[in-house]
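Here's model-v8.txt, which has compact mmCIF, C-alpha atoms (C1' of nucleotides):
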```txt
# COMPACT_ATOMS: atom_id res chain seq x y z
CA MET A 1 102.59 107.23 95.04
CA LEU A 2 103.02 104.50 97.65
CA ASN A 3 103.14 100.93 96.49
CA HIS A 4 100.24 100.29 98.81
CA GLN A 5 97.87 102.56 96.91
CA LEU A 6 98.91 101.21 93.51
CA ASP A 7 98.02 97.86 95.00
CA ARG A 8 94.49 98.97 95.87
CA VAL A 9 93.98 100.66 92.51
CA LEU A 10 95.03 97.65 90.45
CA HIS A 11 93.07 95.30 92.67
CA ALA A 12 90.01 97.48 92.25
CA LEU A 13 90.38 97.48 88.47
CA ALA A 14 91.00 93.74 88.26
CA ASP A 15 87.26 93.08 88.60
CA PRO A 16 85.10 93.38 85.46
CA THR A 17 82.11 94.75 87.36
CA ARG A 18 84.22 97.49 88.87
CA ARG A 19 85.75 98.27 85.48
CA ALA A 20 82.22 98.57 84.07
CA ILE A 21 81.42 101.05 86.83
CA VAL A 22 84.56 103.03 86.03
CA GLU A 23 83.67 103.03 82.32
CA ARG A 24 80.23 104.34 83.17
CA LEU A 25 81.65 107.03 85.45
CA ALA A 26 84.16 108.10 82.80
CA ARG A 27 81.15 109.37 80.85
CA GLY A 28 79.92 111.42 83.80
CA PRO A 29 78.76 111.21 87.43
CA ALA A 30 75.98 108.81 88.42
CA SER A 31 73.93 107.78 91.44
CA VAL A 32 74.31 104.36 93.05
CA SER A 33 71.03 103.12 91.53
CA GLU A 34 71.99 104.36 88.07
CA LEU A 35 75.24 102.44 88.36
CA ALA A 36 73.43 99.35 89.58
CA ARG A 37 70.63 99.29 86.98
CA PRO A 38 72.56 97.64 84.10
CA LEU A 39 74.48 95.25 86.36
CA PRO A 40 73.28 91.67 86.93
CA MET A 41 73.45 91.72 90.72
CA SER A 42 71.82 93.16 93.81
CA LEU A 43 72.18 96.82 94.74
CA ALA A 44 73.96 95.78 97.94
CA ALA A 45 76.65 94.07 95.84
CA VAL A 46 77.14 97.22 93.79
CA VAL A 47 77.51 99.26 96.97
CA GLN A 48 80.27 96.88 98.06
CA HIS A 49 82.07 97.36 94.74
CA LEU A 50 81.76 101.11 95.18
CA GLN A 51 83.34 100.84 98.62
CA VAL A 52 86.34 99.10 97.06
CA LEU A 53 86.57 101.77 94.37
CA GLU A 54 86.32 104.52 96.92
CA ALA A 55 88.91 102.95 99.22
CA SER A 56 91.28 102.83 96.24
CA GLY A 57 90.77 106.53 95.58
CA LEU A 58 89.45 105.91 92.06
CA VAL A 59 85.98 107.18 92.90
CA ASN A 60 84.60 109.68 95.33
CA SER A 61 81.00 110.37 96.20
CA THR A 62 78.83 112.88 97.95
CA LYS A 63 75.37 112.30 99.35
CA VAL A 64 72.73 114.97 98.95
CA GLY A 65 69.30 114.15 100.31
CA ARG A 66 68.88 110.42 99.83
CA VAL A 67 70.93 110.08 96.65
CA ARG A 68 74.67 109.47 96.59
CA THR A 69 76.40 110.78 93.48
CA CYS A 70 79.65 109.10 92.44
CA ARG A 71 82.38 110.56 90.24
CA LEU A 72 85.68 109.38 88.88
CA GLU A 73 88.92 110.62 90.46
CA PRO A 74 91.50 110.53 87.66
CA ALA A 75 94.60 110.66 89.92
CA GLY A 76 94.51 106.95 90.77
CA LEU A 77 94.00 106.02 87.13
CA ARG A 78 96.92 108.23 86.27
CA ALA A 79 99.22 106.65 88.84
CA ALA A 80 98.55 103.16 87.55
CA GLU A 81 98.98 104.35 83.98
CA ASP A 82 102.36 105.86 84.86
CA TRP A 83 103.59 102.70 86.55
CA LEU A 84 102.62 100.57 83.54
CA HIS A 85 104.21 103.05 81.18
CA GLY A 86 107.42 103.09 83.20
CA GLN A 87 107.82 99.31 83.14
CA ARG A 88 106.96 98.98 79.49
CA THR A 89 109.30 101.71 78.28
CA ALA A 90 112.13 100.48 80.53
CA TRP A 91 111.82 97.09 78.87
CA GLU A 92 111.59 98.56 75.39
CA ARG A 93 114.65 100.74 75.98
CA GLY A 94 116.45 97.58 77.04
CA LEU A 95 115.47 95.90 73.79
CA ASP A 96 116.78 98.94 71.92
CA ARG A 97 120.16 98.72 73.66
CA LEU A 98 120.30 95.02 72.80
CA GLY A 99 119.56 95.90 69.21
CA ASP A 100 122.37 98.46 69.27
CA LEU A 101 124.77 95.87 70.63
CA LEU A 102 123.86 93.40 67.91
CA THR A 103 124.42 96.05 65.25
CA GLY A 104 127.70 97.08 66.90
CA ASP A 105 126.24 100.50 67.74
CA ASP A 106 126.84 100.72 71.51
CA HIS A 107 127.10 104.32 72.64
CA GLN A 108 127.42 103.49 76.34
CA GLY A 109 130.26 100.92 76.46
CA GLY A 110 130.34 97.98 78.90
CA GLU A 111 129.03 94.64 77.79
CA PRO A 112 126.38 92.59 79.64
CA ARG A 113 127.92 90.22 82.25
CA MET B 1 91.92 93.28 73.27
CA LEU B 2 89.18 91.18 74.83
CA ASN B 3 87.83 92.18 78.19
CA HIS B 4 88.83 88.76 79.41
CA GLN B 5 92.54 89.34 78.83
CA LEU B 6 92.49 92.81 80.38
CA ASP B 7 90.96 91.03 83.34
CA ARG B 8 93.87 88.62 83.62
CA VAL B 9 96.47 91.35 83.14
CA LEU B 10 95.08 93.63 85.84
CA HIS B 11 94.55 90.74 88.20
CA ALA B 12 98.15 89.65 87.65
CA LEU B 13 99.43 93.16 88.38
CA ALA B 14 97.27 93.59 91.48
CA ASP B 15 99.72 91.51 93.52
CA PRO B 16 102.86 93.24 94.87
CA THR B 17 105.04 90.16 94.47
CA ARG B 18 104.06 89.86 90.82
CA ARG B 19 104.67 93.58 90.28
CA ALA B 20 108.14 93.14 91.81
CA ILE B 21 108.77 90.34 89.30
CA VAL B 22 107.61 92.57 86.45
CA GLU B 23 109.86 95.39 87.68
CA ARG B 24 112.80 93.02 87.74
CA LEU B 25 112.02 91.69 84.26
CA ALA B 26 111.68 95.23 82.90
CA ARG B 27 115.44 95.51 83.48
CA GLY B 28 116.12 92.34 81.49
CA PRO B 29 115.40 88.60 81.31
CA ALA B 30 115.99 86.39 84.32
CA SER B 31 115.82 82.76 85.37
CA VAL B 32 113.25 81.50 87.87
CA SER B 33 115.85 81.25 90.65
CA GLU B 34 117.13 84.74 89.96
CA LEU B 35 113.58 86.04 90.25
CA ALA B 36 113.01 84.07 93.45
CA ARG B 37 116.25 85.02 95.24
CA PRO B 38 115.19 88.47 96.57
CA LEU B 39 111.63 87.38 97.37
CA PRO B 40 110.63 86.30 100.90
CA MET B 41 108.93 83.05 99.90
CA SER B 42 109.57 79.57 98.58
CA LEU B 43 110.63 78.95 95.00
CA ALA B 44 107.40 77.01 94.44
CA ALA B 45 105.40 80.10 95.34
CA VAL B 46 107.36 82.17 92.83
CA VAL B 47 106.69 79.56 90.15
CA GLN B 48 102.97 79.92 90.86
CA HIS B 49 103.21 83.69 90.47
CA LEU B 50 105.04 83.18 87.18
CA GLN B 51 102.23 80.92 85.99
CA VAL B 52 99.75 83.71 86.64
CA LEU B 53 101.95 86.21 84.81
CA GLU B 54 102.40 83.86 81.89
CA ALA B 55 98.68 83.06 81.67
CA SER B 56 98.04 86.81 81.49
CA GLY B 57 100.45 87.18 78.59
CA LEU B 58 102.65 89.63 80.50
CA VAL B 59 105.59 87.25 80.61
CA ASN B 60 106.84 84.48 78.40
CA SER B 61 109.58 82.02 79.06
CA THR B 62 111.70 79.44 77.31
CA LYS B 63 113.51 76.57 78.91
CA VAL B 64 116.97 75.65 77.73
CA GLY B 65 118.64 72.82 79.56
CA ARG B 66 117.37 72.98 83.13
CA VAL B 67 117.00 76.75 83.36
CA ARG B 68 113.86 78.61 82.37
CA THR B 69 114.46 82.17 81.25
CA CYS B 70 111.59 84.64 81.63
CA ARG B 71 111.12 87.88 79.76
CA LEU B 72 108.55 90.64 79.73
CA GLU B 73 105.99 90.80 76.94
CA PRO B 74 105.11 94.50 76.60
CA ALA B 75 101.83 93.99 74.68
CA GLY B 76 99.77 93.16 77.79
CA LEU B 77 101.25 96.10 79.68
CA ARG B 78 100.39 98.28 76.73
CA ALA B 79 96.78 97.09 76.56
CA ALA B 80 96.19 97.88 80.22
CA GLU B 81 97.91 101.24 79.81
CA ASP B 82 95.64 102.06 76.89
CA TRP B 83 92.48 101.15 78.78
CA LEU B 84 93.47 103.31 81.75
CA HIS B 85 94.40 106.16 79.45
CA GLY B 86 91.10 105.91 77.61
CA GLN B 87 89.01 106.10 80.79
CA ARG B 88 91.04 108.91 82.28
CA THR B 89 91.01 111.09 79.18
CA ALA B 90 87.30 110.45 78.57
CA TRP B 91 86.62 111.74 82.08
CA GLU B 92 88.95 114.71 81.68
CA ARG B 93 87.38 115.65 78.34
CA GLY B 94 84.04 115.57 80.15
CA LEU B 95 85.37 117.94 82.77
CA ASP B 96 86.61 120.24 80.01
CA ARG B 97 83.18 120.33 78.37
CA LEU B 98 81.68 121.15 81.76
CA GLY B 99 84.21 123.94 82.14
CA ASP B 100 83.29 125.24 78.69
CA LEU B 101 79.62 125.24 79.64
CA LEU B 102 80.30 127.17 82.81
CA THR B 103 82.32 129.77 80.87
CA GLY B 104 79.62 129.96 78.19
CA ASP B 105 82.04 128.52 75.64
CA ASP B 106 80.03 125.54 74.32
CA HIS B 107 81.08 124.69 70.78
CA GLN B 108 78.88 121.58 70.51
CA GLY B 109 75.43 122.78 71.63
CA GLY B 110 72.98 120.63 73.65
CA GLU B 111 72.83 121.12 77.40
CA PRO B 112 73.00 118.34 80.02
CA ARG B 113 69.58 116.97 80.99
C1' DA C 1 127.98 56.84 88.81
C1' DC C 2 126.80 60.40 92.22
C1' DA C 3 125.43 64.59 93.89
C1' DA C 4 124.06 69.21 93.35
C1' DT C 5 121.17 72.38 90.73
C1' DA C 6 116.94 74.02 88.71
C1' DC C 7 112.84 73.55 88.46
C1' DT C 8 107.90 70.93 88.63
C1' DT C 9 103.78 69.00 90.62
C1' DA C 10 100.41 68.06 94.04
C1' DA C 11 98.00 68.43 98.30
C1' DG C 12 96.58 71.14 102.02
C1' DC C 13 95.42 75.32 104.77
C1' DA C 14 94.30 80.14 106.29
C1' DC C 15 92.41 83.98 104.46
C1' DT C 16 89.95 86.93 101.19
C1' DT C 17 86.43 87.92 97.69
C1' DA C 18 82.08 88.38 95.42
C1' DC C 19 78.12 87.64 96.02
C1' DT C 20 73.33 86.66 98.58
C1' DT C 21 69.26 87.67 101.69
C1' DG C 22 66.95 90.17 105.17
C1' DA C 23 66.31 93.83 108.22
C1' DC C 24 66.94 98.59 108.76
C1' DT C 25 67.21 103.99 108.20
C1' DA C 26 66.52 108.23 105.96
C1' DT C 27 64.21 111.26 102.45
C1' DG C 28 60.63 113.04 99.43
C1' DG C 29 56.04 113.23 96.95
C1' DG C 30 50.84 113.00 97.13
C1' DC D 1 50.53 110.50 107.41
C1' DC D 2 51.78 106.88 104.13
C1' DC D 3 54.29 104.65 100.94
C1' DA D 4 57.75 104.34 97.49
C1' DT D 5 62.51 105.45 96.69
C1' DA D 6 67.51 105.35 97.74
C1' DG D 7 70.70 103.62 100.16
C1' DT D 8 72.99 101.12 104.45
C1' DC D 9 74.41 97.27 107.46
C1' DA D 10 75.18 92.58 108.96
C1' DA D 11 75.45 87.75 108.46
C1' DG D 12 76.32 83.80 105.82
C1' DT D 13 78.36 81.14 101.95
C1' DA D 14 80.79 79.20 97.92
C1' DA D 15 84.76 79.81 95.33
C1' DG D 16 89.29 81.73 94.70
C1' DT D 17 94.08 83.28 96.33
C1' DG D 18 98.69 83.01 98.26
C1' DC D 19 101.22 80.59 100.53
C1' DT D 20 103.41 76.05 102.64
C1' DT D 21 105.73 71.39 102.61
C1' DA D 22 106.96 67.20 100.41
C1' DA D 23 108.09 64.37 96.72
C1' DG D 24 109.41 64.03 91.95
C1' DT D 25 112.01 64.90 87.25
C1' DA D 26 115.62 66.59 84.25
C1' DT D 27 120.17 68.43 83.59
C1' DT D 28 124.94 69.42 84.64
C1' DG D 29 129.61 69.19 87.05
C1' DT D 30 133.14 65.97 89.10
```
Would you mind writing the structure in this file as structure tokens?
Amino acid sequence: MLNHQLDRVLHALADPTRRAIVERLARGPASVSELARPLPMSLAAVVQHLQVLEASGLVNSTKVGRVRTCRLEPAGLRAAEDWLHGQRTAWERGLDRLGDLLTGDDHQGGEPR
Amino acid sequence: MLNHQLDRVLHALADPTRRAIVERLARGPASVSELARPLPMSLAAVVQHLQVLEASGLVNSTKVGRVRTCRLEPAGLRAAEDWLHGQRTAWERGLDRLGDLLTGDDHQGGEPR
DNA sequence: ACAATACTTAAGCACTTACTTGACTATGGG
DNA sequence: CCCATAGTCAAGTAAGTGCTTAAGTATTGT
């Protein structure tokens, strides 16, 4: 995935309203009004949040008649998850190597400079 | 984890400069100047990014003498990872149940309304 | 003591974000 | 045909973000 898209995904998820929408959509598809009903803001504001989510690739929607149905697109979620996992495990592996060094158990050779 | 902290973590990671800092720190601790060197901006700007990262709990730092050493704190990364994973798998389980319904293989009973 | 290093703090500025309201365009039921 | 429903579009605004420069404070090497 391009850095650019990860950018959009994380930005989209950084907002609590948009996370609430994602949480709702994780339980199944919903129309714009259904998504808006529990939220303390105008429907127009919700539509704007949906545009951000759609631009990030986290959500896609199709309009049939006058109702637009939105669903979650797990790929974007997955990409962000993978990035986070990569950083965290890289760091934790580093801590492990440090632990090995301190216990004299270095299987790779070469000390830190 | 409180919604509030997830908020800060995702907001912190939504910026490419801050993600670059996290990627660097995943390979091991670094001083402020070391973090700033490859980045195309002033040191003061980097310090501001570090403040955001530290407020989110993703990074902590200790100052010895005149040099502040920053390291990654994996807990925040983990919390975000878990949230993403939860949403994604909830959605995918939903898709599975839908698949089961379509193949007549519903082991839970109760059709969608 | 002096100067270089490694930050720190504050003020300011362009740009973006998260809303609002108001006007508008389908679509569908009675 | 009429009206409610469902959503769209366009301004406008207050607050927040990501930088900058400039001035300041400790700490360390000579």
**Request:** Could you check which of B:Leu10, B:Ala75, B:Val47, B:Ile21 is closest to chain C, using all atoms listed in the file?
**Result:** B:Val47
**Request:** For each of B:Pro40, B:Pro74, B:Gly65, B:Pro29, take the minimum atom-to-atom distance to DT28 in chain D, counting all atoms listed in the file, then give the residue where this is smallest.
**Result:**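 Result for the nearest residue to DT28 in chain D: B:Gly65.
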**Item:** Interface list for chain B, partner chain A, 8 Å threshold, all atoms listed in the file, as a VMD selection string
**Value:** chain B and resid 3 7 to 11 13 to 16 22 to 23 25 to 28 72 74 77 to 78 80 to 81 84 to 85 87 to 88 90 to 92 94
**Message:** Would you mind listing, as JSON, numbers by chain, all residues of chain D that have at least one atom within 9 Å of chain A, where all atoms listed in the file are what counts?
**Reply:** {"D": [5, 6, 7, 8]}
Closest-contact table, chain C side, partner chain B, 9 Å, counting all atoms listed in the file, as a Markdown table:
```
| residue | atom | partner | partner_atom | distance |
| --- | --- | --- | --- | --- |
| C:DT5 | C1' | B:Arg66 | CA | 8.5 |
| C:DA6 | C1' | B:Arg66 | CA | 5.7 |
| C:DC7 | C1' | B:Arg66 | CA | 7.0 |
| C:DT8 | C1' | B:Ala44 | CA | 8.4 |
```
**Request:** Identify which of the residues A:Met41, A:Ala30, A:Leu2, A:Leu35 lies closest to Ser61 in chain A, counting only C-alpha atoms when measuring atom-to-atom distances.
**Result:** A:Ala30
**Request:** Mind checking which residues fall within 10 Å of range 11-26 of chain D, counting only C-alpha atoms (C1' of nucleotides), ignoring those fewer than 5 positions away in the same chain, and posting them as a VMD selection string?
**Result:** (chain B and resid 15 41 to 42 44 to 46 48 to 49 65 to 66) or (chain C and resid 6 to 22)
**Asked** Rounded to one decimal in Å, what is the spacing between C1' of DC9 in chain D and CA of Leu58 in chain A?
**Response**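 Spanning C1' of DC9 in chain D to CA of Leu58 in chain A is a straight-line distance of 23.2 Å.
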**Asked** What gap, in Å, lies between C1' of DG28 in chain C and CA of Pro38 in chain A?
**Response**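 C1' of DG28 in chain C sits 24.8 Å away from CA of Pro38 in chain A.
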**Item:** Separation of C1' of DT25 in chain C from CA of Val59 in chain A, in Å and rounded to one decimal
**Value:** 24.4 Å
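Once all atoms listed in the file are considered, the residues situated within 10 Å of the file point (125.0, 69.5, 92.9) turn out to be C:DC2, C:DA3, C:DA4, C:DT5, D:DT28, D:DG29, D:DT30.
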